[in-house]
Every structure is written in structure tokens, then in C-alpha cells.
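A.B. asks: structure25.cif (mmCIF, C-alpha atoms and all ligand atoms) pasted underneath:
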data_my_file
#
loop_
_atom_site.group_PDB
_atom_site.id
_atom_site.type_symbol
_atom_site.label_atom_id
_atom_site.label_comp_id
_atom_site.auth_asym_id
_atom_site.auth_seq_id
_atom_site.Cartn_x
_atom_site.Cartn_y
_atom_site.Cartn_z
ATOM 1 C CA MET O 1 92.965 78.363 27.465
ATOM 2 C CA VAL O 2 94.392 80.997 29.809
ATOM 3 C CA VAL O 3 96.189 78.667 32.207
ATOM 4 C CA GLN O 4 98.811 76.700 30.314
ATOM 5 C CA GLY O 5 101.790 76.536 32.624
ATOM 6 C CA GLU O 6 102.962 73.375 34.231
ATOM 7 C CA LEU O 7 102.955 75.354 37.475
ATOM 8 C CA PHE O 8 100.396 78.015 38.369
ATOM 9 C CA VAL O 9 101.595 80.633 40.888
ATOM 10 C CA ILE O 10 99.006 83.100 42.164
ATOM 11 C CA GLY O 11 99.356 86.062 44.508
ATOM 12 C CA ASN O 12 96.262 86.790 46.607
ATOM 13 C CA TRP O 13 96.599 90.394 47.723
ATOM 14 C CA LYS O 14 93.494 90.183 49.940
ATOM 15 C CA MET O 15 92.272 93.533 51.358
ATOM 16 C CA HIS O 16 95.646 95.231 50.983
ATOM 17 C CA LEU O 17 97.208 97.989 48.847
ATOM 18 C CA THR O 18 96.008 101.345 47.596
ATOM 19 C CA GLN O 19 95.902 101.895 43.838
ATOM 20 C CA GLN O 20 99.393 103.436 43.972
ATOM 21 C CA ALA O 21 100.791 100.561 46.039
ATOM 22 C CA ALA O 22 99.163 98.052 43.660
ATOM 23 C CA THR O 23 100.743 99.873 40.713
ATOM 24 C CA ASP O 24 104.164 99.763 42.362
ATOM 25 C CA LEU O 25 103.921 96.065 43.263
ATOM 26 C CA ALA O 26 102.493 94.865 39.928
ATOM 27 C CA SER O 27 105.258 96.674 38.046
ATOM 28 C CA THR O 28 107.963 94.749 39.920
ATOM 29 C CA ILE O 29 106.696 91.202 39.289
ATOM 30 C CA SER O 30 109.075 89.427 36.939
ATOM 31 C CA ASP O 31 107.920 89.102 33.362
ATOM 32 C CA PRO O 32 107.184 85.455 32.460
ATOM 33 C CA LYS O 33 108.287 85.987 28.850
ATOM 34 C CA THR O 34 111.818 86.810 29.930
ATOM 35 C CA SER O 35 111.898 83.823 32.246
ATOM 36 C CA HIS O 36 109.976 80.651 31.447
ATOM 37 C CA ASP O 37 106.544 80.123 29.897
ATOM 38 C CA ALA O 38 106.009 76.837 31.754
ATOM 39 C CA VAL O 39 104.901 78.947 34.701
ATOM 40 C CA THR O 40 101.545 80.739 34.654
ATOM 41 C CA ILE O 41 101.476 83.779 36.953
ATOM 42 C CA GLY O 42 98.348 85.368 38.391
ATOM 43 C CA ILE O 43 97.687 88.225 40.793
ATOM 44 C CA ALA O 44 94.402 88.940 42.549
ATOM 45 C CA PRO O 45 94.197 92.587 43.710
ATOM 46 C CA SER O 46 91.202 94.110 45.471
ATOM 47 C CA PHE O 47 88.377 95.105 43.098
ATOM 48 C CA VAL O 48 89.309 98.793 43.261
ATOM 49 C CA ALA O 49 92.959 98.101 42.389
ATOM 50 C CA LEU O 50 92.259 95.756 39.444
ATOM 51 C CA ALA O 51 92.678 98.462 36.808
ATOM 52 C CA ALA O 52 95.861 99.847 38.387
ATOM 53 C CA ALA O 53 97.482 96.411 38.612
ATOM 54 C CA LYS O 54 96.382 95.487 35.100
ATOM 55 C CA ALA O 55 97.830 98.685 33.619
ATOM 56 C CA SER O 56 101.187 98.492 35.387
ATOM 57 C CA ARG O 57 102.123 94.775 35.049
ATOM 58 C CA LYS O 58 105.137 94.072 32.857
ATOM 59 C CA SER O 59 103.318 91.628 30.590
ATOM 60 C CA ASP O 60 99.796 90.596 29.599
ATOM 61 C CA ASP O 61 100.957 87.086 30.511
ATOM 62 C CA ILE O 62 100.652 88.038 34.180
ATOM 63 C CA LEU O 63 96.988 87.180 34.637
ATOM 64 C CA ILE O 64 94.693 89.428 36.634
ATOM 65 C CA GLY O 65 92.004 87.893 38.822
ATOM 66 C CA GLY O 66 89.227 88.789 41.249
ATOM 67 C CA GLN O 67 89.176 87.559 44.836
ATOM 68 C CA ASP O 68 85.456 86.783 44.754
ATOM 69 C CA CYS O 69 82.342 87.195 42.622
ATOM 70 C CA TYR O 70 78.563 87.183 43.070
ATOM 71 C CA PRO O 71 76.708 84.475 41.129
ATOM 72 C CA VAL O 72 74.304 86.767 39.249
ATOM 73 C CA ASP O 73 75.318 88.838 36.196
ATOM 74 C CA GLU O 74 73.720 92.098 37.404
ATOM 75 C CA GLY O 75 70.938 93.339 39.634
ATOM 76 C CA ALA O 76 70.001 94.718 43.034
ATOM 77 C CA TYR O 77 72.905 93.235 45.032
ATOM 78 C CA THR O 78 74.484 96.253 46.678
ATOM 79 C CA GLY O 79 78.208 95.917 47.228
ATOM 80 C CA SER O 80 78.631 92.855 45.028
ATOM 81 C CA VAL O 81 80.605 92.356 41.820
ATOM 82 C CA SER O 82 79.631 89.738 39.224
ATOM 83 C CA ALA O 83 81.874 87.389 37.276
ATOM 84 C CA ALA O 84 80.744 89.102 34.076
ATOM 85 C CA MET O 85 81.922 92.452 35.515
ATOM 86 C CA LEU O 86 85.297 90.966 36.439
ATOM 87 C CA ARG O 87 85.661 89.640 32.915
ATOM 88 C CA ASP O 88 84.787 93.084 31.577
ATOM 89 C CA ALA O 89 87.465 94.595 33.874
ATOM 90 C CA GLY O 90 90.107 92.376 32.261
ATOM 91 C CA CYS O 91 90.190 89.472 34.694
ATOM 92 C CA SER O 92 91.087 85.983 33.510
ATOM 93 C CA PHE O 93 90.361 84.150 36.756
ATOM 94 C CA VAL O 94 88.525 84.472 40.045
ATOM 95 C CA ILE O 95 89.068 82.944 43.473
ATOM 96 C CA CYS O 96 85.904 81.222 44.787
ATOM 97 C CA GLY O 97 85.345 79.877 48.295
ATOM 98 C CA HIS O 98 88.469 81.220 49.998
ATOM 99 C CA SER O 99 88.345 80.134 53.658
ATOM 100 C CA GLU O 100 88.282 83.770 54.787
ATOM 101 C CA ARG O 101 84.985 84.221 52.901
ATOM 102 C CA ARG O 102 83.621 80.864 54.030
ATOM 103 C CA THR O 103 84.393 81.945 57.623
ATOM 104 C CA HIS O 104 83.712 85.699 57.747
ATOM 105 C CA GLN O 105 80.850 85.805 55.210
ATOM 106 C CA GLN O 106 79.450 82.379 56.147
ATOM 107 C CA GLU O 107 79.639 81.194 52.533
ATOM 108 C CA THR O 108 78.384 77.646 52.083
ATOM 109 C CA SER O 109 79.771 75.173 49.558
ATOM 110 C CA HIS O 110 76.465 75.361 47.693
ATOM 111 C CA PHE O 111 76.875 79.135 47.291
ATOM 112 C CA VAL O 112 80.514 78.705 46.293
ATOM 113 C CA ARG O 113 79.412 76.282 43.572
ATOM 114 C CA GLU O 114 76.941 78.872 42.237
ATOM 115 C CA LYS O 115 79.769 81.440 42.117
ATOM 116 C CA ALA O 116 82.067 79.008 40.308
ATOM 117 C CA GLU O 117 79.312 78.146 37.810
ATOM 118 C CA SER O 118 78.678 81.819 37.054
ATOM 119 C CA ALA O 119 82.416 82.447 36.669
ATOM 120 C CA ILE O 120 82.846 79.608 34.181
ATOM 121 C CA LYS O 121 79.813 80.870 32.281
ATOM 122 C CA ALA O 122 81.432 84.322 32.125
ATOM 123 C CA GLY O 123 84.641 82.829 30.707
ATOM 124 C CA LEU O 124 86.766 83.075 33.858
ATOM 125 C CA HIS O 125 89.103 80.375 35.165
ATOM 126 C CA VAL O 126 88.020 79.435 38.709
ATOM 127 C CA ILE O 127 90.391 78.943 41.631
ATOM 128 C CA LEU O 128 88.229 76.796 43.899
ATOM 129 C CA CYS O 129 89.504 76.843 47.493
ATOM 130 C CA VAL O 130 88.988 74.026 49.967
ATOM 131 C CA GLY O 131 90.660 73.246 53.274
ATOM 132 C CA GLU O 132 90.106 72.097 56.838
ATOM 133 C CA ASN O 133 90.547 73.977 60.102
ATOM 134 C CA ALA O 134 92.780 72.842 62.962
ATOM 135 C CA GLY O 135 89.860 71.056 64.654
ATOM 136 C CA PHE O 136 89.231 68.699 61.720
ATOM 137 C CA ARG O 137 92.974 68.098 61.372
ATOM 138 C CA GLU O 138 93.358 67.184 65.061
ATOM 139 C CA HIS O 139 90.198 65.056 65.038
ATOM 140 C CA GLY O 140 91.550 63.088 62.075
ATOM 141 C CA SER O 141 88.493 63.713 59.853
ATOM 142 C CA TYR O 142 90.264 66.188 57.526
ATOM 143 C CA LEU O 143 90.201 64.001 54.413
ATOM 144 C CA SER O 144 86.454 63.403 54.513
ATOM 145 C CA PHE O 145 85.757 67.049 55.442
ATOM 146 C CA VAL O 146 87.706 68.449 52.488
ATOM 147 C CA GLU O 147 86.340 65.772 50.150
ATOM 148 C CA THR O 148 82.784 66.827 51.040
ATOM 149 C CA GLN O 149 83.695 70.486 50.538
ATOM 150 C CA LEU O 150 85.085 69.671 47.100
ATOM 151 C CA ARG O 151 82.107 67.538 46.044
ATOM 152 C CA GLU O 152 79.644 70.234 47.154
ATOM 153 C CA SER O 153 81.564 73.198 45.688
ATOM 154 C CA LEU O 154 82.631 71.741 42.360
ATOM 155 C CA PRO O 155 80.487 72.856 39.404
ATOM 156 C CA ALA O 156 79.288 70.146 37.016
ATOM 157 C CA SER O 157 80.920 72.044 34.147
ATOM 158 C CA ALA O 158 84.405 71.922 35.725
ATOM 159 C CA THR O 159 87.327 70.900 33.496
ATOM 160 C CA ARG O 160 91.115 71.230 33.644
ATOM 161 C CA GLU O 161 90.793 74.232 31.330
ATOM 162 C CA ASN O 162 88.305 76.216 33.392
ATOM 163 C CA LEU O 163 89.097 75.332 37.014
ATOM 164 C CA THR O 164 91.985 74.833 39.447
ATOM 165 C CA VAL O 165 91.505 73.467 42.963
ATOM 166 C CA ALA O 166 93.472 75.185 45.747
ATOM 167 C CA TYR O 167 94.033 73.062 48.857
ATOM 168 C CA GLU O 168 94.488 75.579 51.655
ATOM 169 C CA PRO O 169 94.494 74.190 55.200
ATOM 170 C CA ILE O 170 93.130 77.019 57.360
ATOM 171 C CA TRP O 171 95.650 76.313 60.118
ATOM 172 C CA ALA O 172 98.434 77.097 57.644
ATOM 173 C CA ILE O 173 97.037 80.353 56.245
ATOM 174 C CA GLY O 174 98.838 83.419 57.532
ATOM 175 C CA THR O 175 100.354 81.461 60.427
ATOM 176 C CA GLY O 176 103.857 80.894 59.073
ATOM 177 C CA LYS O 177 103.273 77.148 59.607
ATOM 178 C CA HIS O 178 102.982 75.400 56.253
ATOM 179 C CA ALA O 179 101.619 71.882 55.793
ATOM 180 C CA SER O 180 104.263 69.157 55.725
ATOM 181 C CA ARG O 181 105.204 67.272 52.616
ATOM 182 C CA THR O 182 103.274 64.234 53.930
ATOM 183 C CA ASP O 183 100.168 66.335 54.689
ATOM 184 C CA ILE O 184 100.194 67.846 51.206
ATOM 185 C CA GLU O 185 100.796 64.559 49.413
ATOM 186 C CA GLU O 186 98.070 62.764 51.344
ATOM 187 C CA MET O 187 95.450 65.452 50.658
ATOM 188 C CA HIS O 188 96.370 66.095 47.014
ATOM 189 C CA ASP O 189 96.360 62.365 46.249
ATOM 190 C CA HIS O 190 92.949 62.070 47.884
ATOM 191 C CA LEU O 191 91.498 65.043 46.012
ATOM 192 C CA LYS O 192 92.957 63.822 42.714
ATOM 193 C CA ALA O 193 91.148 60.494 43.228
ATOM 194 C CA VAL O 194 87.867 62.316 43.911
ATOM 195 C CA LEU O 195 88.312 64.519 40.819
ATOM 196 C CA HIS O 196 89.146 61.474 38.753
ATOM 197 C CA GLU O 197 85.942 59.762 39.892
ATOM 198 C CA LEU O 198 83.847 62.869 39.147
ATOM 199 C CA LEU O 199 85.477 64.177 35.958
ATOM 200 C CA GLY O 200 87.382 61.319 34.373
ATOM 201 C CA GLU O 201 90.953 61.184 33.101
ATOM 202 C CA LYS O 202 91.732 64.871 32.573
ATOM 203 C CA ILE O 203 91.500 66.374 36.024
ATOM 204 C CA PRO O 204 92.001 70.012 37.101
ATOM 205 C CA ARG O 205 95.298 71.176 38.594
ATOM 206 C CA ILE O 206 95.596 71.147 42.374
ATOM 207 C CA ILE O 207 97.694 73.922 43.873
ATOM 208 C CA TYR O 208 98.685 74.360 47.523
ATOM 209 C CA GLY O 209 98.220 77.461 49.691
ATOM 210 C CA GLY O 210 99.187 78.184 53.291
ATOM 211 C CA SER O 211 102.318 80.094 54.376
ATOM 212 C CA VAL O 212 104.198 79.543 51.118
ATOM 213 C CA LYS O 213 107.410 81.580 51.397
ATOM 214 C CA PRO O 214 110.705 81.816 49.496
ATOM 215 C CA ASN O 215 112.293 79.328 51.918
ATOM 216 C CA ASN O 216 109.734 76.545 51.350
ATOM 217 C CA ALA O 217 108.427 77.189 47.812
ATOM 218 C CA LEU O 218 111.012 74.967 46.118
ATOM 219 C CA GLU O 219 110.307 72.034 48.432
ATOM 220 C CA ILE O 220 106.516 72.371 48.088
ATOM 221 C CA MET O 221 106.424 72.840 44.309
ATOM 222 C CA SER O 222 108.933 70.014 43.817
ATOM 223 C CA LEU O 223 106.249 67.563 44.937
ATOM 224 C CA PRO O 224 104.818 65.861 41.832
ATOM 225 C CA VAL O 225 101.260 66.185 43.210
ATOM 226 C CA VAL O 226 101.551 69.979 43.483
ATOM 227 C CA ASP O 227 100.643 71.994 40.371
ATOM 228 C CA GLY O 228 101.472 75.403 41.797
ATOM 229 C CA VAL O 229 100.852 77.622 44.806
ATOM 230 C CA LEU O 230 98.407 80.241 46.064
ATOM 231 C CA VAL O 231 100.390 82.835 48.007
ATOM 232 C CA GLY O 232 98.953 85.358 50.455
ATOM 233 C CA GLY O 233 101.338 87.312 52.688
ATOM 234 C CA ALA O 234 104.500 86.696 50.653
ATOM 235 C CA SER O 235 102.814 87.978 47.474
ATOM 236 C CA LEU O 236 102.716 91.483 48.982
ATOM 237 C CA ASP O 237 106.499 91.646 48.949
ATOM 238 C CA ALA O 238 107.959 91.887 45.445
ATOM 239 C CA ALA O 239 111.268 90.246 46.363
ATOM 240 C CA ALA O 240 109.529 87.357 48.117
ATOM 241 C CA PHE O 241 107.016 86.766 45.315
ATOM 242 C CA ASN O 242 109.748 86.918 42.659
ATOM 243 C CA ALA O 243 111.794 84.422 44.691
ATOM 244 C CA ILE O 244 108.793 82.057 44.707
ATOM 245 C CA LEU O 245 108.494 82.514 40.935
ATOM 246 C CA ASP O 246 112.209 81.765 40.601
ATOM 247 C CA ALA O 247 111.639 78.482 42.449
ATOM 248 C CA ALA O 248 108.887 77.624 39.944
ATOM 249 C CA TYR O 249 111.161 78.489 36.995
ATOM 250 C CA GLN O 250 113.923 76.348 38.473
ATOM 251 C CA ILE O 251 111.595 73.339 38.817
ATOM 252 C CA THR O 252 110.099 73.628 35.339
ATOM 253 C CA SER O 253 113.534 74.133 33.782
ATOM 254 C CA ASN O 254 114.856 70.963 35.378
ATOM 255 C CA GLN O 255 111.643 69.081 34.486
ATOM 256 C CA THR O 256 112.066 66.769 37.447
ATOM 257 C CA ARG O 257 110.375 66.477 40.776
ATOM 258 C CA ASP O 258 111.473 65.174 44.139
ATOM 259 C CA ASP O 259 110.928 61.551 43.259
ATOM 260 C CA GLY O 260 112.796 61.854 39.970
ATOM 261 C CA ARG O 261 109.641 61.558 37.882
ATOM 262 C CA SER O 262 109.254 64.036 35.064
ATOM 263 C CA LYS O 263 106.372 66.355 35.844
ATOM 264 C CA ALA O 264 105.651 66.842 32.164
ATOM 265 C CA ALA O 265 105.324 63.084 31.675
ATOM 266 C CA GLN O 266 102.520 62.734 34.239
HETATM 267 C C1 LIG U 1 95.846 82.697 51.298
HETATM 268 O O1 LIG U 1 95.269 83.593 51.862
HETATM 269 O O2 LIG U 1 95.319 82.149 50.313
HETATM 270 C C2 LIG U 1 97.147 82.295 51.792
HETATM 271 C C3 LIG U 1 97.637 81.162 51.390
HETATM 272 O O3 LIG U 1 97.772 83.142 52.683
HETATM 273 P P1 LIG U 1 99.273 82.985 53.279
HETATM 274 O O4 LIG U 1 100.187 82.659 52.139
HETATM 275 O O5 LIG U 1 99.566 84.289 53.900
HETATM 276 O O6 LIG U 1 99.225 81.850 54.262
#
Could you express the structure from this file as C-alpha cells?
C.D. replies:
Amino acid sequence: MVVQGELFVIGNWKMHLTQQAATDLASTISDPKTSHDAVTIGIAPSFVALAAAKASRKSDDILIGGQDCYPVDEGAYTGSVSAAMLRDAGCSFVICGHSERRTHQQETSHFVREKAESAIKAGLHVILCVGENAGFREHGSYLSFVETQLRESLPASATRENLTVAYEPIWAIGTGKHASRTDIEEMHDHLKAVLHELLGEKIPRIIYGGSVKPNNALEIMSLPVVDGVLVGGASLDAAAFNAILDAAYQITSNQTRDDGRSKAAQ
């Protein structure tokens, strides 16, 4: 099992960084072995910077992941990269269904499920993204919208070992406006109930993404319903990403969450 940490912290580098810049950034991410193994760290560089990031990270325990994959092993799909190819390139995980792909590439939940299925088949851990836009939030139908997205995107073979759900409200991505504690708790509780109904007792982790920064990471990850964070903008800055990792180390060292419950006991 590649993802063992109590908290899973992932940097999504999106379409940023040359190979040299990826080398420089990867080499400055703090080494989990010298800190705390209760935190699993992942970084998702662009396809062309995967090798550079992989070679320059301080430890093999910093997992390398793809930002997307195509749901066929190989063939005439110009411009696409398969899950099997990502695995061959040294990836341990892949992000599927990020809202930027659902929006700009018109990816449907059905297609996202095919990607996730192919990734699990290739031995990758899937980060399955779901989240509502501002319209659904304002209309009040956000819970049912995200529930439908999850039901339609989730592969039948999903388990806690091979998949993590990332709740990423679109209105919070790249805006500097993160979801409130109440918003996060309400959605994570709802999604946990849906996962429980679909998969039984042992449900996948649910991490939060959307303007996670050093100044809010501790508060967000202290919530017992939050199993980690997916970080965009702040993951491009070594000091900011390391500060977010420090918050995760602090939480897992104390073994308590906001409500006093032990995270490990849940
Ligand atoms: C993301 O793109 O997954 C993300 C959460 O971005 P940001 O942290 O910049 O909001």
C-alpha cells in the first residue's frame, strides 16, 4: 500500500515549471523520514517534468504522481498518456477528474470513472476529485450535485488502499477563499456516508482542496473529517508547501483533532 499516512498532503503543480524549476522545487521539499511517517507526501508535476522531480526529491517516500491519464493502455490517442505509462515512469498515484479538466476538457464523470478504473488496474493510487461550482453552492444543491459526481465517477473496484477522494469546491480553487470549517465538515460527512453505503466499513480517505495555504492548513487538517489536503498554488512555493507539511506533522504528532478526538482512534 503506497498511501499509509494518517494525513495525505499532495502538491498539484498543474501546468507550471520547467524541468530545471521542477528539479529545484522537488529538492527542497522536506524529507518525510526526518520528520514524521504519519504523513504521506505526494507531488504531481507535469508529464514532462516527472523524471526531473523524481530524480531530485530527497526521499523515495515523496510520492510522484500524474495529473491525468487516458483510460487505454496504449494506442492511437495522440497527445495522451496512459496510467500504465505513468506507472512505468515511476508514478505511484494519479489525479483523476480535477475540475480544471472537467471544465476545460469537458470530461464527464463517466469518463473520469474509466480513467480511475484504468489507473487502479495499472497499480496507481487514484486521487478522485469532486466539487461544486459557485452556482450550485448558491442554489443550495451542492450536496446532491457532488454526491452524484462521486457516485458516477467512483470505480466499482475502489478501496481505501487504491483511492482517495478530494473534495475541491471550484469556487475555492485558486481564489484565495477557502471553504469554511462548516462547509468542509458538512460535505465530508455527506461523502463519507455515501462511501459507506457503496463500499462498506473501510472507506477511502477524503482530503480537501481549495486555497490551502500555510495560514489555514492547521485549522483545515485539524478537522477530524479531513484526511489531508490537495494543494495547488501554495505547492509551487517551497517555503509554503513545507509550512503546510509542518502543520500536518504537528497534527499527527499531537494525535488529536479540534474536537479532542484522537484521529488514530477513528
Ligand atoms: C487545485 O488545483 O487542486 C487547488 C486546490 O488549487 P489551489 O490550492 O491553488 O486552490
A.B. asks: Since I can't run it myself right now, could you work out what the PyMOL selection byres (((chain O and resi 114) around 9) and not hetatm) selects here and report it as a ChimeraX atom specification?
C.D. replies: /O:70-72,109-113,115-119,153,155
A.B. asks: Which is closest to ligand LIG 1 (chain U) among O:Glu107, O:Glu168, O:Glu138, O:Asp31, if we use all atoms listed in the file?
C.D. replies: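 Smallest separation from ligand LIG 1 (chain U) among the options: O:Glu168.
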A.B. asks: Extract, using all atoms listed in the file, all DNA, RNA and protein residues at most 10 Å from O:Ala243, discarding same-chain residues fewer than 3 positions from it, and format them as an MDAnalysis selection string.
C.D. replies: chainID O and resid 30 213:215 217:218 234 237:240 246:249
A.B. asks: Restricted to C-alpha atoms, what would the selected residues look like written as an mmCIF file, keeping the file's coordinate frame?
C.D. replies:
data_model
loop_
_atom_site.group_PDB
_atom_site.id
_atom_site.type_symbol
_atom_site.label_atom_id
_atom_site.label_comp_id
_atom_site.auth_asym_id
_atom_site.auth_seq_id
_atom_site.Cartn_x
_atom_site.Cartn_y
_atom_site.Cartn_z
ATOM 1 C CA SER O 30 109.075 89.427 36.939
ATOM 2 C CA LYS O 213 107.410 81.580 51.397
ATOM 3 C CA PRO O 214 110.705 81.816 49.496
ATOM 4 C CA ASN O 215 112.293 79.328 51.918
ATOM 5 C CA ALA O 217 108.427 77.189 47.812
ATOM 6 C CA LEU O 218 111.012 74.967 46.118
ATOM 7 C CA ALA O 234 104.500 86.696 50.653
ATOM 8 C CA ASP O 237 106.499 91.646 48.949
ATOM 9 C CA ALA O 238 107.959 91.887 45.445
ATOM 10 C CA ALA O 239 111.268 90.246 46.363
ATOM 11 C CA ALA O 240 109.529 87.357 48.117
ATOM 12 C CA ASP O 246 112.209 81.765 40.601
ATOM 13 C CA ALA O 247 111.639 78.482 42.449
ATOM 14 C CA ALA O 248 108.887 77.624 39.944
ATOM 15 C CA TYR O 249 111.161 78.489 36.995
#
A.B. asks: What is the distance between atom CA of O:Ser222 and atom CA of O:Ile127, in Å to one decimal?
C.D. replies: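 It comes out at 20.7 Å.
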A.B. asks: When distances are computed from all atoms listed in the file, which of O:Asp189, O:Glu197, O:Glu100, O:Glu147 shows the smallest separation from ligand LIG 1 (chain U)?
C.D. replies: O:Glu100
A.B. asks: Measuring atom to atom with all atoms listed in the file, identify which of O:Lys58, O:Leu50, O:Val231, O:Ala158 is nearest to O:Lys202.
C.D. replies: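 Ranked by minimum distance to O:Lys202, first place goes to O:Ala158.
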A.B. asks: Output the neighbourhood of ligand LIG 1 (chain U) as number ranges by chain, that is, all protein and nucleic acid residues with some atom at most 7 Å from the ligand, counting all atoms listed in the file.
C.D. replies: O: 12, 98, 168, 172-176, 209-212, 230-234
A.B. asks: What would the file look like if the residues just selected were written as a PDB file, in the frame of the given file with C-alpha atoms?
C.D. replies:
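Written file, result.pdb:
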ATOM      1  CA  ASN O  12      96.262  86.790  46.607  1.00  0.00           C
ATOM      2  CA  HIS O  98      88.469  81.220  49.998  1.00  0.00           C
ATOM      3  CA  GLU O 168      94.488  75.579  51.655  1.00  0.00           C
ATOM      4  CA  ALA O 172      98.434  77.097  57.644  1.00  0.00           C
ATOM      5  CA  ILE O 173      97.037  80.353  56.245  1.00  0.00           C
ATOM      6  CA  GLY O 174      98.838  83.419  57.532  1.00  0.00           C
ATOM      7  CA  THR O 175     100.354  81.461  60.427  1.00  0.00           C
ATOM      8  CA  GLY O 176     103.857  80.894  59.073  1.00  0.00           C
ATOM      9  CA  GLY O 209      98.220  77.461  49.691  1.00  0.00           C
ATOM     10  CA  GLY O 210      99.187  78.184  53.291  1.00  0.00           C
ATOM     11  CA  SER O 211     102.318  80.094  54.376  1.00  0.00           C
ATOM     12  CA  VAL O 212     104.198  79.543  51.118  1.00  0.00           C
ATOM     13  CA  LEU O 230      98.407  80.241  46.064  1.00  0.00           C
ATOM     14  CA  VAL O 231     100.390  82.835  48.007  1.00  0.00           C
ATOM     15  CA  GLY O 232      98.953  85.358  50.455  1.00  0.00           C
ATOM     16  CA  GLY O 233     101.338  87.312  52.688  1.00  0.00           C
ATOM     17  CA  ALA O 234     104.500  86.696  50.653  1.00  0.00           C
TER      18      ALA O 234
END
A.B. asks: In Å, rounded to a single decimal, give me how far atom CA of O:Ala52 is from atom CA of O:Gln19.
C.D. replies: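 That distance, rounded to one decimal, is 5.8 Å.
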